[in-house]
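Undergrad: What follows is a single structure, and I will ask about it in a moment.
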Amino acid sequence: MYQVFARKLRPQRFEEIVGQGHVTSVIKNAIEMGRLPHAFIFSGPRGVGKTSAARILAKAINCEKGLSSTPCNACGLCEDITASRAVDVFEIDAASNTSVENIRDLIENARYAPSVARYKTFIIDEVHMLSRSAFNALLKTLEEPPEHVIFIMATTELAKVPLTVLSRCQRYDFRRISVKETMDHLASVAAGEHIDITRDALMIIALQADGSMRDAQGMLEHAAATRSGRIDAAVVEDMLGMVERATMHGLLEAIIKKDVTSVLDSVGKVYQYGHDLLQLYRSLLESFRNMVVLKAGYTGISLPEEEKDFLQGLIAEVPFEELHRMLTVLIHAEGDLKFSSLPKITLETVLLRIISAPSLVDIRQLISRMHSEQAPAPAGRPSPPAAPAVRNKPPLSSLPRSWEGFMTFLKDHDQPMYGMLATVSASDGDQGGVILTCANQFIADQIRKALPEILKKAQAFFPSEIGIQVAVQEAQPQAVRKPRPSEARANAMKSSVVKEVLAEFNGVVRDVKPIE
Ligand SMILES: Nc1ncnc2c1ncn2[C@@H]1O[C@H](COP(=O)(O)OP(=O)(O)OP(=O)(O)O)[C@@H](O)[C@H]1O
Ligand SMILES: [Mg+2]
Ligand SMILES: [Zn+2]
């Protein structure tokens, strides 16, 4: 592990702790007002400054120059605390300390006055790991704390600390350090250490560190140790076994633009370089999550401006629903990829599923254009790029006064009637009427029974009176003749694929043509 930076760069003053101003300012205040609790508890994720803050606090209350929120860091006591050798300051790592009995004895010893320091100070790291007997000793002391004792506890798992202990502590929640704060801090560290590193590279480290300054510093240190010259994005990505950001951006762009060739090329490239496809998938998930959140108008997202700008540009023309759908597919498919023995094929399949939907959006547009009685796009050629597809109910006035229009109307206003009529095929009868052909007598009877209701609805929909005849399809051998249009329609309507497409896109069947 790369630990040199962690030790060398450990903050020595509250002001040097990055991103935790909300807690350090309160702690400093308490010290200045002389209102010290007997027990502090610092909770938060790994590597965000809890132990560092605990040490600074120990110095603040024990400094030979007097109680101060800015300890001198130069007196004997301050130096001893920095070096972890102060006799009255006990640092206990509950996670790694195996001799539990000793911890209990140590805590019970609290009642004896400190020998040199102002306070007998116990810094207990990972306090949730204390044994039962140690917790009991701690509780006993916390219930009747001697004047000269202060506990500073730290934990990454607050939920595991007993409530009886928590209720006697002043609690401070440390948080993940933002990408921006991490980048800025790393940049100043790099400058101090004469490390030549690009902003892109810093950004990748900061994103990967996920809020932990210790991890971020470790990655910077590692990069500096493996590379003598300038450290750029590619160096860091290579070091972390990550897919290059440029490749990632290319892949995102290809997905958004529905460019199947580019998508498959990108996946192929990533695979060829031996990158972890699951990690690529996670990055994709994260990027899509960010795009959805940005599209929803949330700007407080923890991303560097460059990255935000890139994503904003990418999604400018894409409707929220579509991004959301893509993200949903990705989330649901994560398990597939994780447990797949053929991850490349699985990944490709998922991505193709994502990008194939937009062409369906085009169909939806096509349908709405047909509704407004315009000529459909020439067959065989893709329609122009999808404008935002809105999945609203078509306004009643825009529906053609045809049987199909009526069905669309029913679909939105009378599902049961729609469901019943969807099982029959309609064809033109005489005098502008409609013949409903049913597949069998049973259905025909049902329709006839419902006819008064149907006519009532139809009267409201059609501008003029419409006659409805109900017929039963005669059983005829189909192979010997071309099916009549009404039969072709009936057959098409039986297909589950057709049903699904109609339901998904709120559509109706205008015409059925046999495949040549
Ligand atoms: N907020 C911060 N500002 C500046 N440096 C930090 C910060 N947090 C962590 N570091 C760096 O990481 C090192 C380790 O931090 P520290 O031990 O304080 O973290 P921690 O929260 O106690 O982590 P853990 O829960 O793993 O013990 C520090 O020595 C310092 O170099
Ligand atoms: Mg710690
Ligand atoms: Zn001092």
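In the structure tokens, each chain is lettered A, B, ... as it comes, each chain's residues begin at 1, and ligands are numbered from 1 in order of appearance.
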Residues within 10 Å of Leu285 of chain A, please, as a compact mmCIF listing (two decimals) with C-alpha atoms, in the first residue's frame. Count only C-alpha atoms; anything in the same chain fewer than 2 positions from it doesn't count.
TA:
# COMPACT_ATOMS: atom_id res chain seq x y z
CA GLN A 279 -16.36 -2.13 -14.59
CA LEU A 280 -17.20 -0.66 -17.98
CA TYR A 281 -20.81 -1.48 -17.24
CA ARG A 282 -20.68 0.27 -13.88
CA SER A 283 -19.19 3.37 -15.52
CA SER A 287 -22.92 8.00 -16.66
CA PHE A 288 -26.55 7.27 -17.48
CA ARG A 289 -27.55 8.02 -13.94
CA ASN A 290 -25.77 11.36 -14.23
CA MET A 291 -27.46 12.09 -17.56
CA MET A 326 -32.13 3.41 -21.01
CA LEU A 327 -31.00 3.67 -17.40
CA THR A 328 -33.75 1.30 -16.32
CA VAL A 329 -32.68 -1.30 -18.85
CA LEU A 330 -29.08 -0.98 -17.64
CA ILE A 331 -30.06 -1.34 -13.99
CA GLU A 334 -26.65 -5.70 -14.32
Undergrad: Distance limit 8 Å, reference ligand 1, atoms considered: only C-alpha atoms and all ligand atoms. Which residues make the cut? Give them as a PyMOL selection string.
TA: chain A and resi 5-11+16-20+44-54+125-126+154-156+174+177+185+212-215+217
Undergrad: Which is closer to ligand 3 than all the others in A:Ile41, A:Tyr273, A:Asn506, A:Thr70, using only C-alpha atoms and all ligand atoms?
TA: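 For ligand 3, the nearest of the given residues is A:Thr70.
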Undergrad: Quick one: residues within 12 Å of Ser228 of chain A, only C-alpha atoms, excluding same-chain residues fewer than 4 positions away - as a list in words?
TA: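 The neighbour list is His194, Ile195, Asp196, Ile197, Glu221, His222, Ala223, Ala224, Asp232 and Val235 of chain A.
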Undergrad: Kindly give the distance, in Å, that separates atom CA of Gln459 of chain A and atom CA of Lys499 of chain A, rounded to a single decimal.
TA: 26.6 Å
Undergrad: Using only C-alpha atoms and all ligand atoms, which residues of the polymer chains come no farther than 10 Å from ligand 3? I'd like the answer as JSON, numbers by chain.
TA: {"A": [59, 60, 61, 62, 63, 64, 65, 66, 67, 68, 70, 71, 72, 73, 74, 75, 76, 77, 78, 79, 80, 81]}
Undergrad: Using N, CA and C atoms, can you write the selected residues to a file as a PDB file, in the first residue's frame?
TA:
ATOM      1  N   LYS A  59      -4.885  17.466  20.470  1.00  0.00           N
ATOM      2  CA  LYS A  59      -3.878  18.519  20.658  1.00  0.00           C
ATOM      3  C   LYS A  59      -4.531  19.803  21.150  1.00  0.00           C
ATOM      4  N   ALA A  60      -5.690  20.113  20.563  1.00  0.00           N
ATOM      5  CA  ALA A  60      -6.375  21.354  20.911  1.00  0.00           C
ATOM      6  C   ALA A  60      -6.690  21.420  22.408  1.00  0.00           C
ATOM      7  N   ILE A  61      -7.056  20.279  22.978  1.00  0.00           N
ATOM      8  CA  ILE A  61      -7.450  20.320  24.395  1.00  0.00           C
ATOM      9  C   ILE A  61      -6.268  20.109  25.335  1.00  0.00           C
ATOM     10  N   ASN A  62      -5.122  19.692  24.781  1.00  0.00           N
ATOM     11  CA  ASN A  62      -3.981  19.403  25.655  1.00  0.00           C
ATOM     12  C   ASN A  62      -2.765  20.314  25.442  1.00  0.00           C
ATOM     13  N   CYS A  63      -2.780  21.120  24.393  1.00  0.00           N
ATOM     14  CA  CYS A  63      -1.610  21.936  24.029  1.00  0.00           C
ATOM     15  C   CYS A  63      -1.077  22.702  25.250  1.00  0.00           C
ATOM     16  N   GLU A  64       0.211  22.698  25.388  1.00  0.00           N
ATOM     17  CA  GLU A  64       0.839  23.373  26.541  1.00  0.00           C
ATOM     18  C   GLU A  64       0.590  24.877  26.524  1.00  0.00           C
ATOM     19  N   LYS A  65       0.337  25.408  25.334  1.00  0.00           N
ATOM     20  CA  LYS A  65       0.091  26.848  25.229  1.00  0.00           C
ATOM     21  C   LYS A  65      -1.325  27.201  25.690  1.00  0.00           C
ATOM     22  N   GLY A  66      -2.096  26.200  26.068  1.00  0.00           N
ATOM     23  CA  GLY A  66      -3.462  26.445  26.538  1.00  0.00           C
ATOM     24  C   GLY A  66      -4.501  25.896  25.588  1.00  0.00           C
ATOM     25  N   LEU A  67      -5.685  25.664  26.150  1.00  0.00           N
ATOM     26  CA  LEU A  67      -6.809  25.155  25.362  1.00  0.00           C
ATOM     27  C   LEU A  67      -7.053  26.085  24.177  1.00  0.00           C
ATOM     28  N   SER A  68      -7.038  25.540  22.969  1.00  0.00           N
ATOM     29  CA  SER A  68      -7.175  26.418  21.805  1.00  0.00           C
ATOM     30  C   SER A  68      -7.653  25.643  20.590  1.00  0.00           C
ATOM     31  N   THR A  70      -6.714  26.307  17.810  1.00  0.00           N
ATOM     32  CA  THR A  70      -5.547  26.243  16.923  1.00  0.00           C
ATOM     33  C   THR A  70      -4.318  25.834  17.737  1.00  0.00           C
ATOM     34  N   PRO A  71      -4.194  24.524  17.982  1.00  0.00           N
ATOM     35  CA  PRO A  71      -3.048  24.068  18.777  1.00  0.00           C
ATOM     36  C   PRO A  71      -1.721  24.449  18.122  1.00  0.00           C
ATOM     37  N   CYS A  72      -0.665  24.590  18.932  1.00  0.00           N
ATOM     38  CA  CYS A  72       0.587  25.136  18.401  1.00  0.00           C
ATOM     39  C   CYS A  72       1.354  24.142  17.532  1.00  0.00           C
ATOM     40  N   ASN A  73       1.124  22.863  17.733  1.00  0.00           N
ATOM     41  CA  ASN A  73       1.831  21.832  16.956  1.00  0.00           C
ATOM     42  C   ASN A  73       3.338  21.856  17.172  1.00  0.00           C
ATOM     43  N   ALA A  74       3.797  22.596  18.218  1.00  0.00           N
ATOM     44  CA  ALA A  74       5.244  22.741  18.416  1.00  0.00           C
ATOM     45  C   ALA A  74       5.669  22.358  19.830  1.00  0.00           C
ATOM     46  N   CYS A  75       4.748  22.447  20.788  1.00  0.00           N
ATOM     47  CA  CYS A  75       5.137  22.112  22.158  1.00  0.00           C
ATOM     48  C   CYS A  75       5.367  20.606  22.287  1.00  0.00           C
ATOM     49  N   GLY A  76       5.919  20.215  23.415  1.00  0.00           N
ATOM     50  CA  GLY A  76       6.215  18.802  23.627  1.00  0.00           C
ATOM     51  C   GLY A  76       4.984  17.930  23.503  1.00  0.00           C
ATOM     52  N   LEU A  77       3.892  18.393  24.107  1.00  0.00           N
ATOM     53  CA  LEU A  77       2.677  17.581  24.071  1.00  0.00           C
ATOM     54  C   LEU A  77       2.125  17.444  22.656  1.00  0.00           C
ATOM     55  N   CYS A  78       2.054  18.593  21.959  1.00  0.00           N
ATOM     56  CA  CYS A  78       1.566  18.547  20.571  1.00  0.00           C
ATOM     57  C   CYS A  78       2.422  17.576  19.759  1.00  0.00           C
ATOM     58  N   GLU A  79       3.721  17.680  19.917  1.00  0.00           N
ATOM     59  CA  GLU A  79       4.604  16.813  19.133  1.00  0.00           C
ATOM     60  C   GLU A  79       4.411  15.341  19.497  1.00  0.00           C
ATOM     61  N   ASP A  80       4.264  15.092  20.794  1.00  0.00           N
ATOM     62  CA  ASP A  80       4.050  13.707  21.221  1.00  0.00           C
ATOM     63  C   ASP A  80       2.750  13.140  20.650  1.00  0.00           C
ATOM     64  N   ILE A  81       1.722  13.990  20.637  1.00  0.00           N
ATOM     65  CA  ILE A  81       0.433  13.507  20.104  1.00  0.00           C
ATOM     66  C   ILE A  81       0.561  13.236  18.609  1.00  0.00           C
TER      67      ILE A  81
END
Undergrad: What lies within 10 Å of Asp200 of chain A using only C-alpha atoms, ignoring chain neighbours under 3 positions off, as a PDB file with N, CA and C atoms, in the first residue's frame?
TA:
ATOM      1  N   MET A 183     -10.288  17.158  -6.187  1.00  0.00           N
ATOM      2  CA  MET A 183      -9.409  17.586  -7.284  1.00  0.00           C
ATOM      3  C   MET A 183      -8.538  18.766  -6.863  1.00  0.00           C
ATOM      4  N   ILE A 197       0.828  16.579 -13.438  1.00  0.00           N
ATOM      5  CA  ILE A 197      -0.375  15.794 -13.729  1.00  0.00           C
ATOM      6  C   ILE A 197      -1.453  16.686 -14.335  1.00  0.00           C
ATOM      7  N   MET A 203      -9.125  14.460 -12.338  1.00  0.00           N
ATOM      8  CA  MET A 203     -10.571  14.230 -12.323  1.00  0.00           C
ATOM      9  C   MET A 203     -10.880  12.727 -12.223  1.00  0.00           C
ATOM     10  N   ILE A 204     -10.152  11.947 -12.998  1.00  0.00           N
ATOM     11  CA  ILE A 204     -10.400  10.509 -12.986  1.00  0.00           C
ATOM     12  C   ILE A 204     -10.108   9.924 -11.605  1.00  0.00           C
ATOM     13  N   ILE A 205      -9.013  10.382 -11.020  1.00  0.00           N
ATOM     14  CA  ILE A 205      -8.669   9.910  -9.670  1.00  0.00           C
ATOM     15  C   ILE A 205      -9.767  10.296  -8.685  1.00  0.00           C
ATOM     16  N   ALA A 206     -10.182  11.561  -8.755  1.00  0.00           N
ATOM     17  CA  ALA A 206     -11.173  12.052  -7.797  1.00  0.00           C
ATOM     18  C   ALA A 206     -12.496  11.288  -7.942  1.00  0.00           C
ATOM     19  N   ILE A 231       1.822  12.941 -16.005  1.00  0.00           N
ATOM     20  CA  ILE A 231       0.752  11.962 -15.812  1.00  0.00           C
ATOM     21  C   ILE A 231      -0.514  12.497 -16.462  1.00  0.00           C
ATOM     22  N   ASP A 232      -0.992  11.795 -17.478  1.00  0.00           N
ATOM     23  CA  ASP A 232      -2.242  12.243 -18.103  1.00  0.00           C
ATOM     24  C   ASP A 232      -3.335  11.193 -17.868  1.00  0.00           C
ATOM     25  N   ALA A 233      -4.485  11.487 -18.445  1.00  0.00           N
ATOM     26  CA  ALA A 233      -5.648  10.620 -18.211  1.00  0.00           C
ATOM     27  C   ALA A 233      -5.339   9.163 -18.553  1.00  0.00           C
ATOM     28  N   ALA A 234      -4.667   8.965 -19.692  1.00  0.00           N
ATOM     29  CA  ALA A 234      -4.419   7.592 -20.130  1.00  0.00           C
ATOM     30  C   ALA A 234      -3.552   6.833 -19.123  1.00  0.00           C
ATOM     31  N   VAL A 236      -3.391   7.273 -15.876  1.00  0.00           N
ATOM     32  CA  VAL A 236      -4.200   6.930 -14.705  1.00  0.00           C
ATOM     33  C   VAL A 236      -5.174   5.805 -15.038  1.00  0.00           C
ATOM     34  N   ARG A 245     -11.304   7.364 -20.703  1.00  0.00           N
ATOM     35  CA  ARG A 245     -12.455   8.267 -20.724  1.00  0.00           C
ATOM     36  C   ARG A 245     -12.883   8.584 -22.168  1.00  0.00           C
ATOM     37  N   PRO A 304     -17.031  17.275 -12.268  1.00  0.00           N
ATOM     38  CA  PRO A 304     -16.312  18.455 -12.752  1.00  0.00           C
ATOM     39  C   PRO A 304     -17.048  19.070 -13.950  1.00  0.00           C
ATOM     40  N   GLU A 306     -16.141  20.020 -16.852  1.00  0.00           N
ATOM     41  CA  GLU A 306     -15.857  19.456 -18.185  1.00  0.00           C
ATOM     42  C   GLU A 306     -16.769  18.261 -18.457  1.00  0.00           C
ATOM     43  N   GLU A 307     -16.861  17.408 -17.435  1.00  0.00           N
ATOM     44  CA  GLU A 307     -17.653  16.190 -17.583  1.00  0.00           C
ATOM     45  C   GLU A 307     -19.143  16.541 -17.693  1.00  0.00           C
TER      46      GLU A 307
END
Undergrad: Would you compute the distance between atom CA of Gly297 of chain A and atom CA of Ala246 of chain A? Give it in Å to one decimal.
TA: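 So the answer is 25.3 Å.
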Undergrad: Which residue, A:His38, A:Leu220, A:Arg168, A:His324, has the smallest gap to Ala191 of chain A when you use only C-alpha atoms?
TA: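 Closest residue, counting only C-alpha atoms: A:Leu220.
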Undergrad: Taking into account only C-alpha atoms and all ligand atoms, which residue in the set A:Ile124, A:Ala58, A:Leu311, A:Val23 is nearest to ligand 2?
TA: A:Ile124
Undergrad: Give me, as JSON, numbers by chain, the residues of segment 57-104 of chain A that a backbone DSSP run labels alpha helix (DSSP H).
TA: {"A": [57, 58, 59, 60, 61, 62, 76, 77, 78, 79, 80, 81, 82, 100, 101, 102, 103, 104]}
